[in-house]
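Below is the file model11.cif, which contains mmCIF, C-alpha atoms.
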```cif
data_start
loop_
_atom_site.label_atom_id
_atom_site.label_comp_id
_atom_site.auth_asym_id
_atom_site.auth_seq_id
_atom_site.Cartn_x
_atom_site.Cartn_y
_atom_site.Cartn_z
CA MET A 1 38.16 10.19 4.53
CA THR A 2 34.70 11.15 5.76
CA ASP A 3 31.91 9.80 7.91
CA LEU A 4 29.31 10.41 5.14
CA THR A 5 26.73 7.62 5.19
CA LEU A 6 23.48 7.17 3.29
CA THR A 7 20.36 8.83 4.65
CA PHE A 8 16.84 8.70 3.21
CA GLU A 9 15.10 11.30 5.34
CA ARG A 10 14.04 14.31 3.29
CA GLU A 11 13.45 17.83 4.56
CA ARG A 12 10.96 18.35 1.70
CA PRO A 13 9.12 15.35 0.27
CA LEU A 14 9.87 16.04 -3.41
CA ASP A 15 13.52 17.01 -2.97
CA PRO A 16 16.56 14.83 -2.20
CA PRO A 17 18.07 15.12 1.29
CA GLU A 18 19.80 18.49 1.57
CA VAL A 19 23.14 16.95 2.56
CA TYR A 20 23.55 15.51 -0.95
CA THR A 21 22.55 18.73 -2.66
CA ARG A 22 25.20 20.56 -0.63
CA ILE A 23 28.01 18.14 -1.37
CA GLN A 24 27.10 18.06 -5.06
CA GLN A 25 28.11 21.72 -5.18
CA GLN A 26 31.58 20.76 -3.93
CA ASP A 27 32.51 17.62 -5.91
CA ALA A 28 30.97 14.96 -8.13
CA VAL A 29 32.53 12.06 -6.19
CA HIS A 30 32.63 11.78 -2.38
CA PRO A 31 34.17 9.31 0.11
CA MET A 32 31.43 7.34 1.90
CA THR A 33 31.29 4.75 4.67
CA TYR A 34 29.27 1.67 3.67
CA GLY A 35 27.18 -0.54 5.93
CA ASP A 36 30.03 -3.02 6.41
CA GLY A 37 32.60 -0.33 7.18
CA HIS A 38 33.99 -0.30 3.63
CA LEU A 39 35.31 3.13 2.66
CA GLY A 40 33.84 3.55 -0.79
CA TRP A 41 32.33 6.31 -2.86
CA LEU A 42 29.13 8.25 -3.57
CA VAL A 43 28.54 9.90 -6.95
CA THR A 44 26.34 13.01 -7.14
CA GLY A 45 27.47 14.52 -10.47
CA TYR A 46 25.65 13.81 -13.73
CA THR A 47 28.65 13.48 -16.07
CA VAL A 48 30.52 11.15 -13.71
CA GLY A 49 27.41 9.09 -12.95
CA ARG A 50 26.66 8.54 -16.63
CA ALA A 51 30.28 7.56 -17.22
CA VAL A 52 30.22 4.98 -14.41
CA LEU A 53 27.09 3.33 -15.81
CA ALA A 54 28.72 2.99 -19.24
CA ASP A 55 32.15 1.82 -18.05
CA PRO A 56 32.80 -1.97 -18.26
CA ARG A 57 35.49 -1.55 -15.61
CA PHE A 58 32.65 -1.32 -13.09
CA SER A 59 30.79 -4.52 -12.19
CA SER A 60 27.14 -5.04 -11.24
CA ARG A 61 27.75 -8.43 -9.62
CA THR A 62 26.21 -8.81 -6.16
CA GLU A 63 29.04 -10.83 -4.65
CA LEU A 64 31.56 -8.07 -5.41
CA ALA A 65 29.54 -5.19 -3.97
CA HIS A 66 29.65 -3.78 -0.45
CA PRO A 67 26.21 -3.19 1.14
CA PRO A 68 25.50 0.56 1.43
CA ILE A 69 23.13 0.23 4.41
CA PRO A 70 23.09 -1.94 7.58
CA SER A 71 20.04 -4.02 6.63
CA ARG A 72 21.85 -5.19 3.49
CA LEU A 73 24.91 -5.93 5.66
CA GLU A 74 22.77 -8.27 7.74
CA LEU A 75 21.67 -9.98 4.53
CA ALA A 76 25.31 -10.46 3.52
CA GLN A 77 26.19 -11.86 6.95
CA ARG A 78 23.28 -14.30 7.03
CA VAL A 79 24.16 -16.09 3.82
CA GLY A 80 27.38 -17.55 2.51
CA ALA A 81 29.37 -16.21 -0.40
CA ASP A 82 27.96 -18.85 -2.77
CA GLU A 83 24.40 -17.79 -1.96
CA LEU A 84 25.25 -14.14 -2.60
CA LYS A 85 26.08 -14.96 -6.20
CA VAL A 86 23.56 -13.79 -8.75
CA PRO A 87 20.52 -16.11 -8.90
CA PRO A 88 19.98 -17.78 -12.28
CA GLY A 89 18.23 -15.38 -14.62
CA PHE A 90 18.59 -12.28 -12.43
CA PHE A 91 20.37 -10.45 -15.23
CA LEU A 92 20.31 -7.02 -13.54
CA ARG A 93 23.18 -8.21 -11.33
CA MET A 94 25.24 -9.80 -14.10
CA ASP A 95 28.10 -8.52 -16.26
CA ALA A 96 28.77 -9.31 -19.90
CA PRO A 97 28.81 -11.86 -21.44
CA GLU A 98 26.24 -13.51 -19.12
CA HIS A 99 24.14 -10.36 -19.09
CA THR A 100 24.31 -10.08 -22.88
CA ARG A 101 22.73 -13.50 -23.35
CA PHE A 102 19.62 -12.55 -21.35
CA ARG A 103 19.41 -9.01 -22.64
CA LYS A 104 19.49 -10.14 -26.27
CA LEU A 105 16.78 -12.73 -25.69
CA LEU A 106 14.47 -10.36 -23.80
CA THR A 107 14.95 -7.22 -25.89
CA GLY A 108 12.71 -8.71 -28.57
CA GLN A 109 9.88 -8.92 -26.06
CA PHE A 110 10.06 -5.19 -25.25
CA THR A 111 10.35 -3.53 -28.67
CA VAL A 112 8.77 -0.10 -29.15
CA ARG A 113 6.42 -1.65 -31.72
CA ARG A 114 5.20 -4.33 -29.33
CA MET A 115 4.75 -1.82 -26.52
CA LYS A 116 2.68 0.42 -28.79
CA GLN A 117 0.49 -2.57 -29.62
CA LEU A 118 -0.33 -2.73 -25.92
CA GLU A 119 -1.64 0.84 -25.84
CA PRO A 120 -5.34 0.02 -26.41
CA ARG A 121 -5.29 -2.53 -23.58
CA ILE A 122 -3.48 -0.10 -21.24
CA GLN A 123 -6.08 2.56 -22.09
CA GLU A 124 -8.87 0.07 -21.37
CA ILE A 125 -7.37 -0.87 -17.99
CA THR A 126 -6.89 2.79 -17.07
CA GLU A 127 -10.44 3.80 -18.00
CA SER A 128 -11.81 0.83 -16.03
CA CYS A 129 -9.95 1.95 -12.91
CA LEU A 130 -11.33 5.46 -13.31
CA ASP A 131 -14.86 4.07 -13.84
CA ASP A 132 -14.58 2.32 -10.48
CA ILE A 133 -13.20 5.45 -8.79
CA GLU A 134 -16.03 7.60 -10.13
CA ALA A 135 -18.66 5.01 -9.21
CA THR A 136 -17.40 4.79 -5.62
CA GLY A 137 -17.09 8.55 -5.29
CA PRO A 138 -14.68 10.68 -3.29
CA PRO A 139 -12.51 10.44 -1.32
CA ALA A 140 -10.30 7.72 -2.80
CA ASP A 141 -6.81 6.38 -2.24
CA LEU A 142 -5.23 6.89 -5.65
CA VAL A 143 -2.44 4.40 -4.88
CA SER A 144 -4.66 1.37 -4.26
CA ALA A 145 -7.36 2.38 -6.76
CA PHE A 146 -5.24 3.64 -9.64
CA ALA A 147 -1.44 3.80 -9.36
CA MET A 148 -0.91 0.19 -8.29
CA PRO A 149 -3.53 -1.76 -10.31
CA ILE A 150 -2.66 -0.29 -13.74
CA PRO A 151 1.00 -1.42 -13.97
CA SER A 152 0.28 -4.56 -11.96
CA LEU A 153 -2.40 -5.73 -14.39
CA VAL A 154 -0.30 -4.77 -17.42
CA ILE A 155 2.82 -6.65 -16.27
CA CYS A 156 0.71 -9.65 -15.23
CA GLU A 157 -0.85 -9.87 -18.67
CA LEU A 158 2.50 -9.37 -20.39
CA LEU A 159 4.24 -12.08 -18.37
CA GLY A 160 1.24 -14.41 -18.10
CA VAL A 161 0.87 -14.11 -14.31
CA PRO A 162 -2.70 -14.59 -13.00
CA TYR A 163 -3.86 -11.20 -11.73
CA GLU A 164 -5.79 -12.83 -8.90
CA ASP A 165 -2.41 -13.71 -7.37
CA ARG A 166 -1.31 -10.06 -7.24
CA ALA A 167 -1.79 -9.65 -3.48
CA GLN A 168 0.82 -12.35 -2.85
CA PHE A 169 3.59 -10.89 -5.00
CA GLN A 170 2.77 -7.28 -4.09
CA GLU A 171 3.13 -8.02 -0.38
CA ASN A 172 6.39 -9.89 -0.93
CA SER A 173 7.67 -7.03 -3.10
CA LYS A 174 7.07 -4.60 -0.23
CA VAL A 175 9.10 -6.78 2.11
CA LEU A 176 11.88 -7.16 -0.45
CA LEU A 177 12.13 -3.39 -1.04
CA SER A 178 11.90 -2.30 2.60
CA LEU A 179 14.89 -0.44 4.00
CA GLU A 180 13.85 -1.29 7.55
CA GLY A 181 13.23 -5.04 7.36
CA SER A 182 15.80 -7.68 8.20
CA GLY A 183 18.02 -9.44 5.71
CA GLN A 184 16.26 -12.70 6.45
CA ASP A 185 12.89 -11.09 5.66
CA ALA A 186 14.24 -10.08 2.22
CA LEU A 187 15.57 -13.58 1.56
CA ASP A 188 12.26 -15.16 2.56
CA ALA A 189 10.29 -12.75 0.37
CA ILE A 190 12.31 -13.41 -2.78
CA ALA A 191 12.12 -17.15 -2.06
CA ARG A 192 8.31 -16.98 -1.92
CA ILE A 193 8.11 -15.03 -5.19
CA SER A 194 10.52 -17.51 -6.82
CA VAL A 195 8.53 -20.55 -5.69
CA PHE A 196 5.32 -18.99 -7.02
CA LEU A 197 6.85 -18.16 -10.41
CA HIS A 198 8.68 -21.48 -10.75
CA GLY A 199 5.32 -23.20 -10.41
CA LEU A 200 3.94 -20.88 -13.08
CA VAL A 201 6.83 -21.78 -15.44
CA ASP A 202 5.93 -25.45 -14.96
CA ARG A 203 2.31 -24.73 -15.90
CA LYS A 204 3.35 -22.71 -18.96
CA ARG A 205 5.53 -25.57 -20.13
CA ALA A 206 2.53 -27.89 -19.95
CA HIS A 207 -0.03 -25.37 -21.22
CA PRO A 208 1.66 -22.51 -23.14
CA GLU A 209 -0.20 -19.28 -23.83
CA ASP A 210 0.48 -16.02 -25.66
CA ASP A 211 2.65 -14.38 -23.01
CA LEU A 212 6.29 -13.62 -22.27
CA ILE A 213 6.95 -16.53 -19.91
CA SER A 214 5.49 -19.00 -22.42
CA GLY A 215 7.68 -17.43 -25.09
CA LEU A 216 10.81 -17.87 -22.98
CA VAL A 217 9.88 -21.50 -22.32
CA ALA A 218 9.30 -22.11 -26.04
CA SER A 219 12.64 -20.54 -26.99
CA GLY A 220 14.48 -23.45 -25.38
CA GLU A 221 17.41 -21.14 -24.61
CA LEU A 222 16.89 -20.82 -20.85
CA SER A 223 16.50 -23.29 -18.00
CA ASP A 224 13.41 -23.14 -15.80
CA ALA A 225 15.53 -21.62 -13.03
CA GLU A 226 16.77 -18.90 -15.39
CA ILE A 227 13.25 -18.13 -16.61
CA THR A 228 12.09 -17.93 -13.00
CA GLY A 229 14.87 -15.51 -12.04
CA ALA A 230 14.20 -13.26 -15.02
CA ALA A 231 10.46 -13.33 -14.28
CA VAL A 232 11.05 -12.34 -10.63
CA LEU A 233 13.05 -9.32 -11.77
CA MET A 234 10.51 -8.24 -14.39
CA LEU A 235 7.49 -8.77 -12.14
CA VAL A 236 8.86 -6.77 -9.20
CA ALA A 237 10.41 -4.02 -11.31
CA GLY A 238 7.48 -3.93 -13.73
CA HIS A 239 4.86 -2.89 -11.21
CA GLU A 240 6.70 -1.26 -8.27
CA THR A 241 8.55 1.38 -10.26
CA THR A 242 5.68 2.56 -12.47
CA ALA A 243 3.16 2.38 -9.63
CA ASN A 244 5.28 4.66 -7.47
CA MET A 245 5.93 7.05 -10.35
CA LEU A 246 2.16 7.34 -10.88
CA GLY A 247 1.50 7.95 -7.18
CA LEU A 248 4.40 10.31 -6.50
CA GLY A 249 4.02 12.04 -9.85
CA THR A 250 0.36 12.82 -9.12
CA TYR A 251 1.36 14.15 -5.69
CA ALA A 252 3.99 16.35 -7.37
CA LEU A 253 1.42 17.73 -9.82
CA LEU A 254 -1.20 18.32 -7.11
CA THR A 255 1.34 20.31 -5.10
CA ASN A 256 2.42 22.21 -8.22
CA PRO A 257 -1.01 23.24 -9.57
CA GLY A 258 0.40 25.35 -12.39
CA GLN A 259 2.21 22.31 -13.81
CA LEU A 260 -0.90 20.14 -13.38
CA ALA A 261 -2.99 22.71 -15.26
CA ALA A 262 -0.44 22.84 -18.08
CA MET A 263 -0.55 19.06 -18.59
CA ARG A 264 -4.33 18.92 -18.23
CA ASP A 265 -5.02 21.77 -20.66
CA ASP A 266 -2.45 20.76 -23.29
CA PRO A 267 -2.34 16.97 -23.89
CA SER A 268 0.61 17.49 -26.25
CA LEU A 269 2.67 18.10 -23.11
CA LEU A 270 1.97 14.64 -21.67
CA ALA A 271 5.02 12.89 -23.14
CA ASN A 272 7.31 15.75 -22.18
CA GLY A 273 5.73 15.98 -18.75
CA VAL A 274 6.39 12.29 -18.13
CA GLU A 275 10.09 12.77 -18.90
CA GLU A 276 10.29 15.78 -16.59
CA LEU A 277 8.58 13.90 -13.76
CA LEU A 278 10.99 10.99 -14.24
CA ARG A 279 13.94 13.37 -14.00
CA TYR A 280 12.56 15.50 -11.19
CA LEU A 281 11.49 12.61 -8.95
CA SER A 282 14.04 9.86 -9.72
CA ILE A 283 12.38 7.38 -7.39
CA LEU A 284 15.27 4.93 -6.92
CA HIS A 285 16.54 5.67 -3.39
CA LEU A 286 19.42 3.23 -3.31
CA GLY A 287 21.98 2.92 -6.06
CA PRO A 288 22.69 1.65 -8.55
CA VAL A 289 25.86 0.25 -6.98
CA ARG A 290 28.92 -0.67 -9.02
CA THR A 291 32.27 -2.19 -7.98
CA ALA A 292 35.62 -1.33 -9.60
CA LEU A 293 37.30 -4.26 -11.34
CA GLU A 294 40.64 -2.43 -11.49
CA ASP A 295 42.27 0.73 -10.20
CA LEU A 296 40.98 3.77 -12.08
CA GLU A 297 40.49 7.50 -11.78
CA LEU A 298 37.09 9.12 -11.40
CA ASP A 299 36.90 12.91 -11.44
CA GLY A 300 40.38 13.13 -9.97
CA ARG A 301 39.74 10.47 -7.32
CA LEU A 302 41.65 7.18 -7.23
CA ILE A 303 39.11 4.36 -7.15
CA LYS A 304 40.86 1.16 -6.17
CA LYS A 305 40.01 -2.33 -7.38
CA GLY A 306 37.25 -3.70 -5.14
CA ASP A 307 35.89 -0.27 -4.18
CA SER A 308 32.12 0.08 -4.42
CA VAL A 309 30.57 3.19 -5.93
CA THR A 310 26.96 4.20 -5.27
CA LEU A 311 25.14 6.62 -7.57
CA HIS A 312 22.61 8.99 -6.00
CA LEU A 313 20.18 9.32 -8.90
CA PRO A 314 17.76 11.85 -7.31
CA VAL A 315 20.67 14.30 -6.92
CA ILE A 316 22.37 13.36 -10.21
CA ASN A 317 19.18 14.15 -12.12
CA ARG A 318 19.06 17.54 -10.34
CA ASP A 319 22.62 18.46 -11.41
CA PRO A 320 22.29 22.12 -12.52
CA SER A 321 25.27 21.79 -14.85
CA ARG A 322 23.19 19.36 -16.95
CA PHE A 323 19.66 20.59 -16.19
CA PRO A 324 19.50 24.39 -15.58
CA GLY A 325 16.90 25.25 -12.94
CA ALA A 326 16.93 21.56 -12.01
CA ASP A 327 15.11 21.98 -8.68
CA ARG A 328 12.05 23.38 -10.45
CA LEU A 329 9.38 21.07 -11.89
CA ASP A 330 8.68 22.30 -15.42
CA VAL A 331 6.63 20.03 -17.69
CA THR A 332 7.46 22.26 -20.67
CA ARG A 333 11.20 21.64 -20.21
CA GLU A 334 12.88 19.87 -23.13
CA VAL A 335 14.50 17.25 -20.93
CA ARG A 336 16.79 14.71 -22.52
CA GLY A 337 19.37 12.34 -21.16
CA HIS A 338 18.11 11.91 -17.59
CA LEU A 339 19.27 8.74 -15.85
CA ALA A 340 15.97 7.69 -14.26
CA PHE A 341 16.08 4.52 -16.40
CA GLY A 342 19.83 4.14 -15.98
CA HIS A 343 22.35 4.10 -18.81
CA GLY A 344 24.59 1.63 -20.59
CA ILE A 345 23.98 -2.10 -20.84
CA HIS A 346 21.69 -2.12 -17.79
CA GLN A 347 19.37 0.64 -18.99
CA CYS A 348 15.82 -0.34 -18.05
CA LEU A 349 14.45 -2.97 -20.43
CA GLY A 350 10.84 -1.90 -19.86
CA GLN A 351 11.32 1.85 -20.14
CA GLN A 352 9.09 2.23 -23.22
CA LEU A 353 6.29 0.32 -21.51
CA ALA A 354 6.64 2.52 -18.42
CA ARG A 355 6.49 5.68 -20.54
CA ILE A 356 3.34 4.53 -22.32
CA GLU A 357 1.65 3.55 -19.05
CA MET A 358 2.44 6.91 -17.45
CA ARG A 359 1.40 8.94 -20.46
CA ILE A 360 -1.94 7.16 -20.74
CA ALA A 361 -2.59 7.11 -16.98
CA TYR A 362 -1.77 10.76 -16.30
CA GLY A 363 -3.70 11.86 -19.37
CA ALA A 364 -6.84 9.92 -18.47
CA LEU A 365 -6.68 10.94 -14.81
CA LEU A 366 -6.47 14.66 -15.57
CA ARG A 367 -9.16 14.40 -18.25
CA ARG A 368 -11.64 12.34 -16.25
CA LEU A 369 -11.16 14.12 -12.91
CA PRO A 370 -10.48 17.78 -13.78
CA GLY A 371 -11.22 18.90 -10.21
CA LEU A 372 -8.70 16.47 -8.70
CA GLY A 373 -7.13 17.61 -5.43
CA LEU A 374 -5.64 16.26 -2.23
CA ALA A 375 -8.17 15.20 0.40
CA VAL A 376 -5.67 15.90 3.20
CA PRO A 377 -2.98 18.55 3.72
CA PRO A 378 0.19 17.72 1.71
CA GLU A 379 2.24 17.11 4.86
CA GLU A 380 -0.18 14.35 5.93
CA VAL A 381 0.48 12.20 2.85
CA PRO A 382 2.66 9.27 4.03
CA MET A 383 5.91 9.12 2.04
CA ARG A 384 7.92 5.97 1.30
CA SER A 385 11.12 7.03 3.03
CA ASP A 386 11.35 3.50 4.40
CA MET A 387 11.47 1.84 0.96
CA SER A 388 14.24 1.54 -1.63
CA ILE A 389 11.79 2.81 -4.25
CA TYR A 390 10.45 6.20 -3.17
CA GLY A 391 6.83 7.27 -3.51
CA VAL A 392 3.70 7.63 -1.41
CA HIS A 393 2.19 4.84 0.66
CA ARG A 394 -1.26 6.34 0.18
CA LEU A 395 -2.62 9.32 -1.76
CA PRO A 396 -6.05 10.45 -0.48
CA VAL A 397 -7.74 12.54 -3.18
CA THR A 398 -11.07 14.17 -3.89
CA TRP A 399 -12.61 15.84 -6.94
#
```

Give the structure from this file in structure tokens form.
Amino acid sequence: MTDLTLTFERERPLDPPEVYTRIQQQDAVHPMTYGDGHLGWLVTGYTVGRAVLADPRFSSRTELAHPPIPSRLELAQRVGADELKVPPGFFLRMDAPEHTRFRKLLTGQFTVRRMKQLEPRIQEITESCLDDIEATGPPADLVSAFAMPIPSLVICELLGVPYEDRAQFQENSKVLLSLEGSGQDALDAIARISVFLHGLVDRKRAHPEDDLISGLVASGELSDAEITGAAVLMLVAGHETTANMLGLGTYALLTNPGQLAAMRDDPSLLANGVEELLRYLSILHLGPVRTALEDLELDGRLIKKGDSVTLHLPVINRDPSRFPGADRLDVTREVRGHLAFGHGIHQCLGQQLARIEMRIAYGALLRRLPGLGLAVPPEEVPMRSDMSIYGVHRLPVTW
């Protein structure tokens, strides 16, 4: 066995910690000590990682998993086993058939056709943000002025959440995703988001509108508690992930000027560039985590029933056996099959929306501000090493 434990400190801001790159060269599956002392496993190989995500013998249920880091151990110790069970509607942490019921109901809300219908509104929101940035003049923090408001406003409109309430749920999202906060802080944050959204569900029941929450209420297939849980998941995931991809992706392009110029000068590369940035950056620090429901073999390793397995997506998506030259950002690369959105039954429900938002946002940013550059040295940009979703806390830019 080994004393390998999770670390989030990076020697270079755009690359995974070197320890994981080194061990990937040795094996795809590695013994790892979890936050509660459990001797489980870390996956760094692409083929094995994809197989785990597609294998029904691995569970996503919270109450079965071992916490990978100490702060999540504190959370587990502070609440009883019943409270650790998946909250109603939080389908990300459910297995089939419970997960299937939610997934089937929500898939219709996130069709490619419906997402494409949102494109004019996303373009309008993006151009408005850039109007404000240009009117204020340089320097600007691209996170607060651009990367955060675009996906926040889009997901608010889609769900039917008043945008004026964004400060409340954004602050609670930060607490919930912090790797340094206490377990009680995380519990309190999700409770505050849940109370806010439960009140919104009540209002939608009384006064329905043309939005996703109203549609779930009208379906009659979910309880208010289930709608609230699903809305919490979609609200947090729907703005935090895309916002950090926009911020970190812009930082990556600004520190790789040849790649920025390629995307700016050839708009046909935007869609491909988005996929490459998703692969190259893989912003999910922690997990996904799965727990074995029976004894099984994984790349020659015996995984026992009850063992937890953590996937390291930033390293998996840099696996050179799947992506030659994987440590190089190349927006012309024909990249297919990356796991940035996961795989299997839990593959990200909003991935098409995220792709459209990023394609429109990057395209407009590079078109409107062709002289875009960092306003500080790259090493002075504060990175989100303290958060479960990686990115930049701020991105000072000029043009």

Q. For Ser144 (chain A), which of A:Val43, A:Lys305, A:Gly199, A:Ala243 is the closest residue, counting only C-alpha atoms?
A. A:Ala243

Q | Selection: 6 Å around region 167-181 of chain A, all atoms listed in the file, excl. self and same-chain fewer than 2 positions, as number ranges by chain | A | A: 165, 186, 189, 386-388

(Q) When you count only C-alpha atoms, which of these residues is closest to Asn317 (chain A): A:Pro139, A:Gly342, A:Gly300, A:Pro370? (A)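 Among the listed residues, the smallest separation from Asn317 (chain A) belongs to A:Gly342.
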
How close does each residue of region 209-325 of chain A get to region 1-23 of chain A, giving the shortest atom pair and distance in Å to one decimal for every residue with an atom at most 8 Å away, counting all atoms listed in the file, sorted by chain and residue number, as a tab-separated table?
```
residue	atom	partner	partner_atom	distance
A:Ala252	CA	A:Leu14	CA	7.1
A:Leu281	CA	A:Leu14	CA	6.7
A:His285	CA	A:Phe8	CA	7.3
A:Pro314	CA	A:Pro16	CA	6.0
A:Val315	CA	A:Pro16	CA	6.3
```

Q: For a cut-off of 12 Å around (13.7, 21.1, -13.7), file coordinates, pick out all residues using all atoms listed in the file and list them as a VMD selection string.
A: chain A and resid 15 259 272 to 273 275 to 282 314 to 315 317 to 336 338

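Put simply, CA of Met383 (chain A) is 23.2 Å away from CA of Leu369 (chain A).
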
**Q.** Using all atoms listed in the file: which of A:Leu187, A:Val232, A:Leu286, A:Val217 has the shortest distance to Pro67 (chain A)
**A.**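 Among the listed residues, A:Leu286 lies closest to Pro67 (chain A).
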
Q) So how many Å separate CA of Leu200 (chain A) and CA of Gly160 (chain A), to one decimal? A) 8.6 Å

Q: List the residues sitting within 12 Å of (37.1, 3.1, 5.7) in the file's frame, using all atoms listed in the file, as a list of chain:residue names.
A: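 The residues that fall inside the cut-off are A:Met1, A:Thr2, A:Asp3, A:Leu4, A:Thr5, A:Pro31, A:Met32, A:Thr33, A:Tyr34, A:Gly35, A:Asp36, A:Gly37, A:His38, A:Leu39, A:Gly40, A:Trp41, A:His66, A:Asp307, A:Ser308.
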
I need the residues from that last selection saved to file as a PDB file, keeping the file's coordinate frame (with C-alpha atoms), if you can.
```pdb
ATOM      1  CA  MET A   1      38.160  10.190   4.530  1.00  0.00           C
ATOM      2  CA  THR A   2      34.700  11.150   5.760  1.00  0.00           C
ATOM      3  CA  ASP A   3      31.910   9.800   7.910  1.00  0.00           C
ATOM      4  CA  LEU A   4      29.310  10.410   5.140  1.00  0.00           C
ATOM      5  CA  THR A   5      26.730   7.620   5.190  1.00  0.00           C
ATOM      6  CA  PRO A  31      34.170   9.310   0.110  1.00  0.00           C
ATOM      7  CA  MET A  32      31.430   7.340   1.900  1.00  0.00           C
ATOM      8  CA  THR A  33      31.290   4.750   4.670  1.00  0.00           C
ATOM      9  CA  TYR A  34      29.270   1.670   3.670  1.00  0.00           C
ATOM     10  CA  GLY A  35      27.180  -0.540   5.930  1.00  0.00           C
ATOM     11  CA  ASP A  36      30.030  -3.020   6.410  1.00  0.00           C
ATOM     12  CA  GLY A  37      32.600  -0.330   7.180  1.00  0.00           C
ATOM     13  CA  HIS A  38      33.990  -0.300   3.630  1.00  0.00           C
ATOM     14  CA  LEU A  39      35.310   3.130   2.660  1.00  0.00           C
ATOM     15  CA  GLY A  40      33.840   3.550  -0.790  1.00  0.00           C
ATOM     16  CA  TRP A  41      32.330   6.310  -2.860  1.00  0.00           C
ATOM     17  CA  HIS A  66      29.650  -3.780  -0.450  1.00  0.00           C
ATOM     18  CA  ASP A 307      35.890  -0.270  -4.180  1.00  0.00           C
ATOM     19  CA  SER A 308      32.120   0.080  -4.420  1.00  0.00           C
TER      20      SER A 308
END
```

Q) What is the CA of Leu53 (chain A)-CA of Pro288 (chain A) distance in Å, reported with one decimal? A) 8.7 Å

(Q) Report as a VMD selection string all protein, DNA and RNA residues lying within 9 Å of Leu270 (chain A), evaluated on all atoms listed in the file, omitting residues in the same chain fewer than 2 positions from it. (A) chain A and resid 263 to 264 266 to 268 272 to 275 331 358 to 360 362 to 363

Atoms to include: C-alpha atoms. Write the selected residues as a CSV table (one decimal), keeping the file's coordinate frame.
```
chain,number,residue,atom,x,y,z
A,263,MET,CA,-0.6,19.1,-18.6
A,264,ARG,CA,-4.3,18.9,-18.2
A,266,ASP,CA,-2.4,20.8,-23.3
A,267,PRO,CA,-2.3,17.0,-23.9
A,268,SER,CA,0.6,17.5,-26.2
A,272,ASN,CA,7.3,15.8,-22.2
A,273,GLY,CA,5.7,16.0,-18.8
A,274,VAL,CA,6.4,12.3,-18.1
A,275,GLU,CA,10.1,12.8,-18.9
A,331,VAL,CA,6.6,20.0,-17.7
A,358,MET,CA,2.4,6.9,-17.4
A,359,ARG,CA,1.4,8.9,-20.5
A,360,ILE,CA,-1.9,7.2,-20.7
A,362,TYR,CA,-1.8,10.8,-16.3
A,363,GLY,CA,-3.7,11.9,-19.4
```

Q: Find the residue from A:Ile190, A:Arg101, A:Thr291, A:Asp211 that sits nearest to Pro162 (chain A); use all atoms listed in the file when measuring.
A: A:Asp211

Residue neighbourhood Ser128 (chain A), 12 Å, only C-alpha atoms, exclusion window fewer than 4 positions, as a compact mmCIF listing (two decimals) with C-alpha atoms, in the frame of the given file:
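Written output follows (result.txt):
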```txt
# COMPACT_ATOMS: atom_id res chain seq x y z
CA ARG A 121 -5.29 -2.53 -23.58
CA ILE A 122 -3.48 -0.10 -21.24
CA GLN A 123 -6.08 2.56 -22.09
CA GLU A 124 -8.87 0.07 -21.37
CA ASP A 132 -14.58 2.32 -10.48
CA ILE A 133 -13.20 5.45 -8.79
CA GLU A 134 -16.03 7.60 -10.13
CA ALA A 135 -18.66 5.01 -9.21
CA ALA A 145 -7.36 2.38 -6.76
CA PHE A 146 -5.24 3.64 -9.64
CA PRO A 149 -3.53 -1.76 -10.31
CA ILE A 150 -2.66 -0.29 -13.74
CA LEU A 153 -2.40 -5.73 -14.39
CA ALA A 361 -2.59 7.11 -16.98
CA ALA A 364 -6.84 9.92 -18.47
CA LEU A 365 -6.68 10.94 -14.81
CA ARG A 368 -11.64 12.34 -16.25
```

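The smallest atom-to-atom distance between Gln347 (chain A) and any of A:Ala225, A:Val195, A:Ala28, A:Leu92, using all atoms listed in the file, is found for A:Leu92.
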
Q) Which one is closest to Arg50 (chain A): A:Ile193, A:Asp224, A:Leu374, A:His346? Count only C-alpha atoms. A) A:His346

Q.
Assuming the chain letters and numbering stay as they are in my file, what does the PyMOL selection byres ((chain A and resi 143) around 10) actually select? List them as a VMD selection string.
A. chain A and resid 140 to 142 144 to 149 243 to 244 246 to 248 250 391 to 397

If you keep C-alpha atoms, can you produce a file of those selected residues as a short mmCIF file (atom, residue, chain, number, x, y, z; two decimals), keeping the file's coordinate frame?
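Generated output (out-v7.cif):
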```cif
data_model
loop_
_atom_site.label_atom_id
_atom_site.label_comp_id
_atom_site.auth_asym_id
_atom_site.auth_seq_id
_atom_site.Cartn_x
_atom_site.Cartn_y
_atom_site.Cartn_z
CA ALA A 140 -10.30 7.72 -2.80
CA ASP A 141 -6.81 6.38 -2.24
CA LEU A 142 -5.23 6.89 -5.65
CA SER A 144 -4.66 1.37 -4.26
CA ALA A 145 -7.36 2.38 -6.76
CA PHE A 146 -5.24 3.64 -9.64
CA ALA A 147 -1.44 3.80 -9.36
CA MET A 148 -0.91 0.19 -8.29
CA PRO A 149 -3.53 -1.76 -10.31
CA ALA A 243 3.16 2.38 -9.63
CA ASN A 244 5.28 4.66 -7.47
CA LEU A 246 2.16 7.34 -10.88
CA GLY A 247 1.50 7.95 -7.18
CA LEU A 248 4.40 10.31 -6.50
CA THR A 250 0.36 12.82 -9.12
CA GLY A 391 6.83 7.27 -3.51
CA VAL A 392 3.70 7.63 -1.41
CA HIS A 393 2.19 4.84 0.66
CA ARG A 394 -1.26 6.34 0.18
CA LEU A 395 -2.62 9.32 -1.76
CA PRO A 396 -6.05 10.45 -0.48
CA VAL A 397 -7.74 12.54 -3.18
#
```
